[in-house]
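J.: File final09.txt follows (compact mmCIF, C-alpha atoms and all ligand atoms):
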```
# COMPACT_ATOMS: atom_id res chain seq x y z
CA GLN A 1 -131.82 -53.09 -15.58
CA MET A 2 -132.18 -49.44 -16.51
CA GLY A 3 -129.00 -47.51 -16.85
CA THR A 4 -126.71 -50.50 -16.86
CA PRO A 5 -124.08 -50.36 -19.55
CA SER A 6 -124.74 -52.21 -22.77
CA ARG A 7 -128.39 -53.04 -22.01
CA VAL A 8 -129.21 -51.50 -25.33
CA PRO A 9 -126.91 -52.29 -28.22
CA PRO A 10 -125.45 -49.01 -29.46
CA ILE A 11 -127.18 -49.36 -32.79
CA CYS A 12 -128.95 -52.00 -34.79
CA VAL A 13 -128.66 -50.33 -38.16
CA GLY A 14 -125.97 -49.95 -40.72
CA GLN A 15 -125.09 -53.59 -40.31
CA PRO A 16 -124.64 -55.61 -43.48
CA VAL A 17 -128.01 -56.80 -44.66
CA THR A 18 -128.17 -60.30 -46.10
CA SER A 19 -129.08 -59.61 -49.65
CA SER A 20 -128.19 -60.75 -53.11
CA ARG A 21 -128.09 -57.13 -54.21
CA PRO A 22 -126.50 -54.58 -51.91
CA GLY A 23 -127.37 -50.92 -52.19
CA LEU A 24 -130.87 -49.60 -52.58
CA ALA A 25 -133.56 -50.92 -50.29
CA HIS A 26 -136.22 -48.86 -52.10
CA SER A 27 -138.36 -48.85 -48.98
CA ALA A 28 -137.23 -48.77 -45.37
CA THR A 29 -138.93 -48.14 -42.03
CA ALA A 30 -137.19 -46.95 -38.87
CA VAL A 31 -138.19 -46.08 -35.32
CA ALA A 32 -136.53 -43.60 -32.94
CA HIS A 33 -137.31 -42.10 -29.53
CA PRO A 34 -137.01 -38.55 -28.14
CA ASN A 35 -134.13 -37.57 -25.88
CA ILE A 36 -133.82 -35.04 -23.08
CA ALA A 37 -130.54 -33.20 -22.64
CA LEU A 38 -128.92 -33.19 -19.20
CA ILE A 39 -126.11 -31.03 -20.58
CA LYS A 40 -127.78 -28.71 -23.08
CA TYR A 41 -127.16 -27.93 -26.71
CA TRP A 42 -127.81 -24.22 -27.13
CA GLY A 43 -126.16 -22.25 -29.91
CA LYS A 44 -124.62 -23.21 -33.25
CA SER A 45 -121.14 -22.43 -34.51
CA ASP A 46 -122.36 -23.23 -38.04
CA GLU A 47 -126.05 -23.01 -38.85
CA ARG A 48 -125.89 -24.63 -42.27
CA LEU A 49 -124.00 -27.68 -40.99
CA PHE A 50 -125.79 -27.81 -37.61
CA LEU A 51 -122.53 -27.65 -35.70
CA PRO A 52 -123.16 -26.91 -32.02
CA ARG A 53 -121.18 -24.40 -30.03
CA THR A 54 -120.82 -26.87 -27.13
CA ASP A 55 -120.87 -30.61 -26.42
CA SER A 56 -124.14 -31.93 -25.00
CA LEU A 57 -125.32 -35.09 -23.25
CA SER A 58 -128.77 -36.65 -23.10
CA MET A 59 -130.93 -39.56 -22.05
CA THR A 60 -133.01 -41.23 -24.75
CA LEU A 61 -136.55 -41.98 -23.56
CA ASP A 62 -138.58 -45.20 -23.76
CA ILE A 63 -141.84 -43.39 -24.60
CA PHE A 64 -143.29 -41.53 -27.61
CA PRO A 65 -141.48 -43.18 -30.55
CA THR A 66 -141.59 -41.85 -34.08
CA THR A 67 -141.89 -44.39 -36.90
CA THR A 68 -140.94 -43.29 -40.40
CA ARG A 69 -141.08 -45.09 -43.72
CA VAL A 70 -139.15 -43.80 -46.73
CA ARG A 71 -140.15 -45.30 -50.06
CA LEU A 72 -138.43 -44.36 -53.29
CA ALA A 73 -140.83 -43.10 -55.93
CA PRO A 74 -138.86 -43.22 -59.20
CA GLU A 75 -141.83 -42.04 -61.25
CA ALA A 76 -142.64 -39.06 -59.05
CA GLY A 77 -141.57 -35.52 -59.87
CA GLN A 78 -141.46 -34.45 -56.24
CA ASP A 79 -141.24 -35.74 -52.68
CA THR A 80 -144.41 -36.30 -50.69
CA VAL A 81 -144.40 -36.04 -46.91
CA THR A 82 -147.19 -37.40 -44.70
CA PHE A 83 -147.26 -36.66 -40.98
CA ASN A 84 -149.74 -38.61 -38.83
CA GLY A 85 -151.85 -39.34 -41.89
CA ARG A 86 -151.93 -35.79 -43.25
CA PRO A 87 -149.79 -34.04 -45.82
CA ALA A 88 -147.01 -32.08 -44.11
CA THR A 89 -146.87 -28.39 -45.00
CA GLY A 90 -144.76 -25.29 -44.50
CA GLU A 91 -141.55 -25.38 -42.51
CA ALA A 92 -141.95 -29.03 -41.43
CA GLU A 93 -142.26 -30.20 -45.04
CA ARG A 94 -139.45 -27.93 -46.21
CA ARG A 95 -137.02 -29.29 -43.61
CA ILE A 96 -137.77 -32.91 -44.51
CA ILE A 97 -137.35 -32.29 -48.23
CA ALA A 98 -134.07 -30.45 -47.61
CA PHE A 99 -132.94 -33.47 -45.62
CA LEU A 100 -133.85 -35.85 -48.47
CA GLU A 101 -131.85 -33.64 -50.85
CA LEU A 102 -128.82 -34.10 -48.64
CA VAL A 103 -129.26 -37.88 -48.58
CA ARG A 104 -129.68 -37.98 -52.37
CA GLU A 105 -126.58 -35.89 -52.84
CA ARG A 106 -124.54 -38.24 -50.67
CA ALA A 107 -125.99 -41.36 -52.29
CA GLY A 108 -125.59 -39.98 -55.81
CA ARG A 109 -129.23 -40.69 -56.59
CA ALA A 110 -132.06 -38.58 -57.96
CA GLU A 111 -135.30 -40.49 -57.24
CA ARG A 112 -137.89 -38.63 -55.22
CA ALA A 113 -139.43 -40.33 -52.18
CA ASP A 114 -142.63 -40.77 -50.21
CA VAL A 115 -142.07 -40.17 -46.51
CA ASP A 116 -144.68 -41.40 -44.07
CA THR A 117 -144.21 -40.50 -40.39
CA GLU A 118 -146.23 -41.59 -37.38
CA ASN A 119 -145.38 -39.58 -34.31
CA THR A 120 -146.81 -40.75 -30.97
CA VAL A 121 -146.03 -37.66 -28.89
CA PRO A 122 -149.44 -36.46 -27.72
CA THR A 123 -150.28 -33.07 -29.16
CA GLY A 124 -149.39 -30.38 -26.67
CA ALA A 125 -147.05 -32.64 -24.70
CA GLY A 126 -144.45 -29.97 -25.26
CA LEU A 127 -141.85 -32.49 -26.30
CA ALA A 128 -140.24 -31.57 -29.56
CA SER A 129 -140.54 -34.36 -32.11
CA SER A 130 -137.59 -33.15 -34.19
CA ALA A 131 -135.05 -35.35 -32.36
CA SER A 132 -136.93 -38.64 -32.78
CA GLY A 133 -138.25 -37.47 -36.15
CA PHE A 134 -134.92 -36.77 -37.83
CA ALA A 135 -133.23 -39.77 -36.18
CA ALA A 136 -135.90 -42.08 -37.65
CA LEU A 137 -135.77 -40.27 -40.98
CA ALA A 138 -131.97 -40.51 -41.16
CA VAL A 139 -132.00 -44.27 -40.53
CA ALA A 140 -134.87 -44.96 -42.94
CA ALA A 141 -133.64 -42.65 -45.71
CA ALA A 142 -130.07 -43.95 -45.52
CA ALA A 143 -131.35 -47.51 -45.92
CA ALA A 144 -133.81 -46.65 -48.69
CA TYR A 145 -131.17 -44.79 -50.73
CA GLY A 146 -128.49 -47.39 -50.05
CA LEU A 147 -126.15 -45.23 -47.96
CA GLU A 148 -124.04 -47.60 -45.87
CA LEU A 149 -123.36 -45.68 -42.68
CA ASP A 150 -122.15 -46.77 -39.27
CA ALA A 151 -123.75 -45.39 -36.12
CA ALA A 152 -121.52 -42.30 -36.01
CA GLY A 153 -122.28 -41.67 -39.67
CA LEU A 154 -126.01 -41.91 -39.02
CA SER A 155 -125.63 -39.55 -36.08
CA ARG A 156 -123.81 -37.01 -38.29
CA LEU A 157 -126.56 -37.35 -40.86
CA ALA A 158 -129.41 -36.97 -38.33
CA ARG A 159 -127.64 -33.86 -36.99
CA ARG A 160 -128.27 -32.13 -40.33
CA GLY A 161 -132.03 -32.41 -39.78
CA SER A 162 -132.03 -31.22 -36.18
CA GLY A 163 -129.04 -31.00 -33.87
CA SER A 164 -130.60 -32.95 -31.02
CA ALA A 165 -131.50 -35.81 -33.43
CA SER A 166 -127.81 -36.77 -33.51
CA ARG A 167 -128.26 -38.08 -29.93
CA SER A 168 -131.46 -40.09 -30.57
CA ILE A 169 -129.50 -42.50 -32.80
CA PHE A 170 -128.27 -43.99 -29.50
CA GLY A 171 -130.11 -45.46 -26.55
CA ASP A 172 -129.62 -44.66 -22.86
CA PHE A 173 -127.07 -41.86 -22.42
CA ALA A 174 -125.30 -40.23 -25.36
CA VAL A 175 -122.81 -37.40 -25.72
CA TRP A 176 -122.78 -35.25 -28.87
CA HIS A 177 -119.36 -33.80 -29.69
CA ALA A 178 -119.24 -30.24 -30.92
CA GLY A 179 -116.42 -31.35 -33.20
CA ARG A 180 -113.09 -29.80 -34.11
CA THR A 181 -113.17 -26.04 -34.05
CA ASP A 182 -109.61 -25.36 -35.21
CA GLY A 183 -109.87 -26.61 -38.78
CA THR A 184 -112.02 -26.38 -41.86
CA PRO A 185 -115.83 -26.63 -41.73
CA GLU A 186 -115.44 -30.08 -43.29
CA GLU A 187 -113.20 -31.26 -40.45
CA ALA A 188 -115.71 -29.92 -37.94
CA ASP A 189 -118.55 -31.67 -39.78
CA LEU A 190 -116.70 -35.01 -39.78
CA SER A 191 -115.99 -34.83 -36.06
CA SER A 192 -119.42 -33.75 -34.78
CA TYR A 193 -121.51 -36.82 -33.91
CA ALA A 194 -122.94 -38.50 -30.85
CA GLU A 195 -121.80 -41.69 -29.17
CA PRO A 196 -122.90 -43.77 -26.19
CA VAL A 197 -121.78 -42.85 -22.67
CA ARG A 198 -120.95 -45.64 -20.27
CA THR A 199 -122.73 -45.40 -16.96
CA ALA A 200 -122.80 -47.36 -13.74
CA PRO A 201 -126.31 -48.57 -12.85
CA LEU A 202 -128.50 -45.54 -12.12
CA ASP A 203 -132.11 -46.72 -12.42
CA PRO A 204 -133.27 -43.26 -13.44
CA ALA A 205 -136.66 -41.92 -14.48
CA LEU A 206 -137.66 -38.64 -16.07
CA VAL A 207 -141.03 -37.35 -14.95
CA ILE A 208 -142.37 -34.96 -17.56
CA ALA A 209 -144.72 -32.31 -16.23
CA VAL A 210 -146.67 -30.65 -19.01
CA VAL A 211 -147.62 -27.18 -17.85
CA ASN A 212 -149.88 -24.72 -19.59
CA ALA A 213 -148.11 -23.72 -22.78
CA GLY A 214 -149.46 -20.17 -22.99
CA PRO A 215 -148.78 -18.04 -26.08
CA LYS A 216 -146.62 -19.43 -28.87
CA GLU A 217 -142.93 -19.03 -28.11
CA VAL A 218 -139.98 -18.17 -30.29
CA SER A 219 -138.61 -21.20 -32.18
CA SER A 220 -135.54 -22.70 -30.58
CA ARG A 221 -133.60 -22.00 -33.74
CA THR A 222 -134.32 -18.27 -33.61
CA ALA A 223 -133.84 -18.16 -29.86
CA MET A 224 -130.45 -19.87 -30.06
CA ARG A 225 -129.23 -17.44 -32.66
CA ARG A 226 -130.42 -14.41 -30.70
CA THR A 227 -128.86 -15.73 -27.50
CA MET A 228 -125.48 -16.29 -29.14
CA ASP A 229 -125.60 -12.93 -30.90
CA THR A 230 -126.74 -10.73 -28.03
CA SER A 231 -126.49 -12.39 -24.61
CA PRO A 232 -123.51 -11.32 -22.47
CA LEU A 233 -124.04 -14.52 -20.47
CA PHE A 234 -123.69 -16.89 -23.41
CA GLU A 235 -119.91 -17.30 -23.48
CA PRO A 236 -119.61 -17.75 -19.70
CA TRP A 237 -122.31 -20.45 -19.84
CA ALA A 238 -120.61 -22.21 -22.77
CA LEU A 239 -117.39 -22.22 -20.76
CA SER A 240 -119.02 -23.54 -17.59
CA SER A 241 -120.88 -26.16 -19.63
CA LYS A 242 -117.50 -27.76 -20.41
CA GLY A 243 -116.94 -28.27 -16.70
CA ASP A 244 -120.51 -29.49 -16.26
CA LEU A 245 -119.94 -32.15 -18.93
CA ALA A 246 -116.77 -33.40 -17.26
CA ASP A 247 -118.54 -33.54 -13.90
CA MET A 248 -121.54 -35.24 -15.51
CA ARG A 249 -119.43 -37.99 -17.09
CA ALA A 250 -117.82 -38.65 -13.72
CA ALA A 251 -121.20 -38.73 -11.92
CA LEU A 252 -122.67 -41.11 -14.53
CA GLY A 253 -119.56 -43.28 -14.31
CA ARG A 254 -120.05 -43.78 -10.61
CA GLY A 255 -123.84 -44.07 -10.82
CA ASP A 256 -124.36 -41.04 -8.60
CA LEU A 257 -127.93 -39.97 -9.37
CA PRO A 258 -128.07 -36.95 -7.02
CA ALA A 259 -124.90 -35.56 -8.60
CA VAL A 260 -126.22 -36.24 -12.11
CA GLY A 261 -129.39 -34.36 -11.21
CA GLU A 262 -127.61 -31.44 -9.58
CA ILE A 263 -125.34 -30.93 -12.58
CA ALA A 264 -128.23 -31.24 -15.04
CA GLU A 265 -130.29 -28.70 -13.10
CA ARG A 266 -127.53 -26.11 -12.89
CA ASN A 267 -126.68 -26.54 -16.57
CA ALA A 268 -130.32 -26.02 -17.60
CA LEU A 269 -130.85 -23.02 -15.34
CA GLY A 270 -127.64 -21.54 -16.73
CA MET A 271 -128.92 -22.01 -20.28
CA HIS A 272 -132.16 -20.24 -19.40
CA ALA A 273 -130.14 -17.45 -17.78
CA THR A 274 -128.34 -16.88 -21.08
CA MET A 275 -131.73 -16.47 -22.78
CA LEU A 276 -133.09 -14.13 -20.12
CA ALA A 277 -130.06 -11.92 -20.75
CA ALA A 278 -130.55 -11.93 -24.54
CA ARG A 279 -131.77 -8.73 -26.20
CA PRO A 280 -134.70 -8.90 -26.42
CA ALA A 281 -135.02 -11.55 -23.72
CA VAL A 282 -136.22 -15.05 -24.56
CA ARG A 283 -138.25 -16.43 -21.70
CA TYR A 284 -139.68 -19.93 -21.95
CA LEU A 285 -140.28 -20.40 -18.22
CA SER A 286 -143.81 -19.57 -17.10
CA PRO A 287 -145.32 -19.04 -13.62
CA ALA A 288 -146.48 -22.68 -13.72
CA THR A 289 -142.89 -23.75 -14.48
CA LEU A 290 -141.70 -22.00 -11.32
CA THR A 291 -144.49 -23.60 -9.27
CA VAL A 292 -143.29 -27.04 -10.42
CA LEU A 293 -139.68 -26.04 -9.64
CA ASP A 294 -140.79 -25.15 -6.11
CA SER A 295 -142.40 -28.58 -5.74
CA VAL A 296 -139.12 -30.20 -6.84
CA LEU A 297 -137.29 -28.22 -4.14
CA ALA A 298 -139.87 -29.38 -1.62
CA LEU A 299 -139.27 -33.00 -2.64
CA ARG A 300 -135.54 -32.53 -2.04
CA ARG A 301 -136.23 -31.03 1.37
CA ASP A 302 -138.21 -34.21 2.10
CA GLY A 303 -135.18 -36.29 1.16
CA VAL A 304 -136.28 -37.35 -2.34
CA PRO A 305 -133.51 -36.82 -4.90
CA ALA A 306 -135.33 -34.98 -7.69
CA TYR A 307 -133.85 -32.44 -10.10
CA ALA A 308 -135.38 -30.36 -12.87
CA THR A 309 -134.45 -29.54 -16.43
CA MET A 310 -136.31 -27.38 -18.97
CA ASP A 311 -135.90 -26.93 -22.72
CA ALA A 312 -137.35 -24.43 -25.20
CA GLY A 313 -140.73 -24.37 -23.48
CA PRO A 314 -142.38 -24.16 -20.06
CA ASN A 315 -142.53 -27.92 -19.33
CA VAL A 316 -140.42 -29.42 -16.59
CA LYS A 317 -138.64 -32.78 -16.78
CA VAL A 318 -137.74 -34.12 -13.36
CA LEU A 319 -134.88 -36.58 -13.03
CA CYS A 320 -135.32 -38.98 -10.12
CA ARG A 321 -134.89 -42.61 -9.14
CA ARG A 322 -137.23 -45.04 -10.87
CA ALA A 323 -138.39 -46.11 -7.40
CA ASP A 324 -139.43 -42.51 -6.58
CA ALA A 325 -141.08 -41.79 -9.94
CA ASP A 326 -144.70 -42.30 -8.81
CA ARG A 327 -144.25 -40.05 -5.80
CA VAL A 328 -142.52 -37.39 -7.91
CA ALA A 329 -145.27 -37.63 -10.54
CA GLU A 330 -147.93 -37.14 -7.87
CA THR A 331 -146.14 -34.12 -6.45
CA VAL A 332 -145.67 -32.34 -9.75
CA ARG A 333 -149.24 -33.19 -10.81
CA ALA A 334 -150.50 -31.46 -7.67
CA ALA A 335 -148.25 -28.47 -8.40
CA ALA A 336 -149.45 -28.09 -11.99
CA PRO A 337 -153.06 -29.21 -11.91
CA GLY A 338 -154.64 -29.87 -15.28
CA GLY A 339 -151.39 -30.68 -17.02
CA ALA A 340 -150.49 -34.21 -18.07
CA VAL A 341 -147.62 -36.04 -16.39
CA HIS A 342 -145.60 -38.76 -18.13
CA ILE A 343 -142.98 -41.10 -16.69
CA ALA A 344 -140.11 -42.18 -18.93
CA GLY A 345 -137.12 -44.45 -18.45
CA PRO A 346 -134.02 -44.84 -20.60
CA GLY A 347 -134.99 -46.00 -24.06
CA PRO A 348 -133.44 -47.68 -27.08
CA GLY A 349 -131.49 -46.23 -29.98
CA ALA A 350 -132.88 -45.76 -33.46
CA ARG A 351 -133.32 -48.95 -35.44
CA LEU A 352 -134.41 -50.22 -38.76
CA LEU A 353 -137.69 -52.13 -38.65
CA ALA A 354 -137.93 -53.34 -42.18
CA GLU A 355 -136.32 -53.06 -45.57
CA ASP A 356 -138.27 -54.13 -48.57
CA GLY A 357 -137.58 -54.43 -52.23
CA ARG A 358 -134.05 -55.71 -52.11
C1 LIG B 401 -133.23 -26.72 -25.69
O1 LIG B 401 -132.20 -29.74 -31.76
O2 LIG B 401 -134.47 -28.66 -31.64
O3 LIG B 401 -133.81 -28.87 -26.49
O4 LIG B 401 -130.74 -28.03 -34.16
O5 LIG B 401 -132.09 -25.98 -34.52
O6 LIG B 401 -133.14 -28.24 -34.80
P1 LIG B 401 -132.10 -27.40 -34.08
O7 LIG B 401 -132.52 -27.35 -32.55
P2 LIG B 401 -133.00 -28.50 -31.56
O8 LIG B 401 -132.61 -27.81 -30.18
C2 LIG B 401 -132.76 -28.43 -28.96
C3 LIG B 401 -132.42 -27.47 -27.87
C4 LIG B 401 -132.77 -27.93 -26.48
C5 LIG B 401 -131.55 -28.51 -25.76
C6 LIG B 401 -131.09 -29.88 -26.19
O9 LIG B 401 -131.90 -30.72 -26.63
O10 LIG B 401 -129.88 -30.13 -26.05
```
Before we go any further, please render this structure as structure tokens.
T.:
Amino acid sequence: QMGTPSRVPPICVGQPVTSSRPGLAHSATAVAHPNIALIKYWGKSDERLFLPRTDSLSMTLDIFPTTTRVRLAPEAGQDTVTFNGRPATGEAERRIIAFLELVRERAGRAERADVDTENTVPTGAGLASSASGFAALAVAAAAAYGLELDAAGLSRLARRGSGSASRSIFGDFAVWHAGRTDGTPEEADLSSYAEPVRTAPLDPALVIAVVNAGPKEVSSRTAMRRTMDTSPLFEPWALSSKGDLADMRAALGRGDLPAVGEIAERNALGMHATMLAARPAVRYLSPATLTVLDSVLALRRDGVPAYATMDAGPNVKVLCRRADADRVAETVRAAAPGGAVHIAGPGPGARLLAEDGR
């Protein structure tokens, strides 16, 4: 059943592979799913190392996987990156190559690689693919370059591609530790990874309401930095987020879905408040977002436990019981006509699909 502890093994990668020759796999394929934070990651204490200012907690989804193959190309002079059948360009390509550099440095290897990624998030779904993308890339690249990492090690590695990717290494619910803040950057780096959170049965669903995206927003990276640098509400939110996380763990531990939803909603609204108070303000919430939020309130007035969370965009993800998901989907669809609605349940952690060439 959804939400029961240990339905999904924490991780299926990093286990010893039966092989006559350990080390390089040469070619490895991995799959990972997106996650939605119920306690948000917003703000970095170290941008280079992707160390977050606060702990965060998420649910990994069972829809929209990313599948990535990394194949070593010893003859090639440079990396090639293909995204949904086309060459990746610009910032997306640059981030992936920087990530490969990190893996090569750790593995002590120099071969370039071909990276081939298939991402199933429908265009315009407003779900970032960086979490599933870098989780799949971390698992595949580690295997291809022969880095033997346990799940926490893979989570630390995925973190260096995109912070939220650290959580997609795990299925169901995962908490990402901000790490030690009282020592060296290296100590912080070693202690900042995600791990599974035990929950009592919850049977949750996340209904994703895609609302009209409107003009292109500020990237979450830029917005985070501006919020931390200029928002007088940032520190109070970071402080209250600590309490939210403690309350969230307790609510998950007793399988209390209304409490989980309430805490997630207040944490997300608080995060957006920090952005609204930034200078200049960062506002991701659109009129259509607020219309969907009103419909969620109406559901609650009708006795349906439904709670909203929003990330760096106008879309609304509504946490509810699996049994109420169709009704919730219908309600938000009526509130945001024209936008797609998707229903997700808790999904699996990142895993290796295949290793060739051993
Ligand atoms: C609002 O993980 O995309 O979705 O670490 O800079 O790549 P980078 O940012 P990213 O930020 C996600 C922010 C969020 C909240 C969350 O997922 O916790």
J.: Neighbouring residues of range 317-325 of chain A were defined as those with any atom within 6 Å, considering all atoms listed in the file; residues of the same chain fewer than 2 positions away were excluded. Please report them as an mmCIF file with C-alpha atoms, in the coordinates of the input.
T.:
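Dumped to part34.cif:
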```
data_model
loop_
_atom_site.group_PDB
_atom_site.id
_atom_site.type_symbol
_atom_site.label_atom_id
_atom_site.label_comp_id
_atom_site.auth_asym_id
_atom_site.auth_seq_id
_atom_site.Cartn_x
_atom_site.Cartn_y
_atom_site.Cartn_z
ATOM 1 C CA ASP A 203 -132.110 -46.720 -12.420
ATOM 2 C CA PRO A 204 -133.270 -43.260 -13.440
ATOM 3 C CA ALA A 205 -136.660 -41.920 -14.480
ATOM 4 C CA LEU A 206 -137.660 -38.640 -16.070
ATOM 5 C CA VAL A 207 -141.030 -37.350 -14.950
ATOM 6 C CA ILE A 208 -142.370 -34.960 -17.560
ATOM 7 C CA PRO A 305 -133.510 -36.820 -4.900
ATOM 8 C CA ALA A 306 -135.330 -34.980 -7.690
ATOM 9 C CA TYR A 307 -133.850 -32.440 -10.100
ATOM 10 C CA ALA A 308 -135.380 -30.360 -12.870
ATOM 11 C CA THR A 309 -134.450 -29.540 -16.430
ATOM 12 C CA ARG A 327 -144.250 -40.050 -5.800
ATOM 13 C CA VAL A 328 -142.520 -37.390 -7.910
ATOM 14 C CA ALA A 329 -145.270 -37.630 -10.540
#
```
J.: Would you compute the distance between CA of Glu118 in chain A and CA of Ser168 in chain A? Give it in Å to one decimal.
T.: 16.3 Å
J.: With only C-alpha atoms and all ligand atoms counted, collect every polymer residue having an atom within 6 Å of ligand LIG 401 (chain B); state the result as a compact mmCIF listing (two decimals) with C-alpha atoms, keeping the file's coordinate frame.
T.:
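The new file part.txt reads:
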```txt
# COMPACT_ATOMS: atom_id res chain seq x y z
CA ILE A 36 -133.82 -35.04 -23.08
CA ALA A 37 -130.54 -33.20 -22.64
CA LYS A 40 -127.78 -28.71 -23.08
CA TYR A 41 -127.16 -27.93 -26.71
CA TRP A 42 -127.81 -24.22 -27.13
CA SER A 162 -132.03 -31.22 -36.18
CA GLY A 163 -129.04 -31.00 -33.87
CA SER A 164 -130.60 -32.95 -31.02
CA SER A 220 -135.54 -22.70 -30.58
CA ARG A 221 -133.60 -22.00 -33.74
CA ASP A 311 -135.90 -26.93 -22.72
CA ALA A 312 -137.35 -24.43 -25.20
```
J.: Can you work out which one of A:Ala344, A:Leu353, A:Leu293, A:Val210 has the shortest atom-to-atom distance to Ile63 in chain A, counting all atoms listed in the file?
T.: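 So, comparing all the options, the nearest one is A:Ala344.
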J.: Might you pull out every residue within 12 Å of Pro65 in chain A, with all atoms listed in the file counted and same-chain residues fewer than 4 positions away left off, and present them as a PyMOL selection string?
T.: chain A and resi 30-35+60-61+117-122+127-136+168+344+347-351
J.: Which residues are close to Ala264 in chain A, i.e. within 10 Å by all atoms listed in the file, leaving aside same-chain residues fewer than 2 positions away? Reply as a PyMOL selection string.
T.: chain A and resi 37-40+57-58+244-245+248+258-262+266-270+307-310+319
J.: Pick out the closest residue to Val292 in chain A from this set: A:Ala194, A:Ala336, A:Val341, A:Ala238. Count all atoms listed in the file.
T.: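 So, comparing all the options, the nearest one is A:Ala336.
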J.: Regenerate range 296-308 of chain A at the level of N, CA and C atoms and dump it as a PDB file, in the frame of the given file.
T.:
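What ended up in rebuild.pdb:
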```
ATOM      1  N   VAL A 296    -140.323 -29.346  -6.755  1.00  0.00           N
ATOM      2  CA  VAL A 296    -139.120 -30.200  -6.840  1.00  0.00           C
ATOM      3  C   VAL A 296    -138.200 -29.891  -5.649  1.00  0.00           C
ATOM      4  N   LEU A 297    -138.086 -28.598  -5.328  1.00  0.00           N
ATOM      5  CA  LEU A 297    -137.290 -28.220  -4.140  1.00  0.00           C
ATOM      6  C   LEU A 297    -137.888 -28.825  -2.875  1.00  0.00           C
ATOM      7  N   ALA A 298    -139.209 -28.820  -2.806  1.00  0.00           N
ATOM      8  CA  ALA A 298    -139.870 -29.380  -1.620  1.00  0.00           C
ATOM      9  C   ALA A 298    -139.600 -30.884  -1.515  1.00  0.00           C
ATOM     10  N   LEU A 299    -139.603 -31.569  -2.658  1.00  0.00           N
ATOM     11  CA  LEU A 299    -139.270 -33.000  -2.640  1.00  0.00           C
ATOM     12  C   LEU A 299    -137.873 -33.216  -2.077  1.00  0.00           C
ATOM     13  N   ARG A 300    -136.930 -32.387  -2.524  1.00  0.00           N
ATOM     14  CA  ARG A 300    -135.540 -32.530  -2.040  1.00  0.00           C
ATOM     15  C   ARG A 300    -135.469 -32.286  -0.532  1.00  0.00           C
ATOM     16  N   ARG A 301    -136.232 -31.277  -0.076  1.00  0.00           N
ATOM     17  CA  ARG A 301    -136.230 -31.030   1.370  1.00  0.00           C
ATOM     18  C   ARG A 301    -136.772 -32.227   2.132  1.00  0.00           C
ATOM     19  N   ASP A 302    -137.664 -32.991   1.483  1.00  0.00           N
ATOM     20  CA  ASP A 302    -138.210 -34.210   2.100  1.00  0.00           C
ATOM     21  C   ASP A 302    -137.316 -35.419   1.884  1.00  0.00           C
ATOM     22  N   GLY A 303    -136.136 -35.192   1.311  1.00  0.00           N
ATOM     23  CA  GLY A 303    -135.180 -36.290   1.160  1.00  0.00           C
ATOM     24  C   GLY A 303    -135.322 -37.102  -0.111  1.00  0.00           C
ATOM     25  N   VAL A 304    -136.151 -36.634  -1.061  1.00  0.00           N
ATOM     26  CA  VAL A 304    -136.280 -37.350  -2.340  1.00  0.00           C
ATOM     27  C   VAL A 304    -135.362 -36.703  -3.361  1.00  0.00           C
ATOM     28  N   PRO A 305    -134.368 -37.426  -3.878  1.00  0.00           N
ATOM     29  CA  PRO A 305    -133.510 -36.820  -4.900  1.00  0.00           C
ATOM     30  C   PRO A 305    -134.302 -36.598  -6.192  1.00  0.00           C
ATOM     31  N   ALA A 306    -134.561 -35.347  -6.504  1.00  0.00           N
ATOM     32  CA  ALA A 306    -135.330 -34.980  -7.690  1.00  0.00           C
ATOM     33  C   ALA A 306    -134.780 -33.661  -8.209  1.00  0.00           C
ATOM     34  N   TYR A 307    -134.541 -33.604  -9.512  1.00  0.00           N
ATOM     35  CA  TYR A 307    -133.850 -32.440 -10.100  1.00  0.00           C
ATOM     36  C   TYR A 307    -134.516 -32.098 -11.421  1.00  0.00           C
ATOM     37  N   ALA A 308    -134.590 -30.794 -11.719  1.00  0.00           N
ATOM     38  CA  ALA A 308    -135.380 -30.360 -12.870  1.00  0.00           C
ATOM     39  C   ALA A 308    -134.519 -29.912 -14.040  1.00  0.00           C
TER      40      ALA A 308
END
```
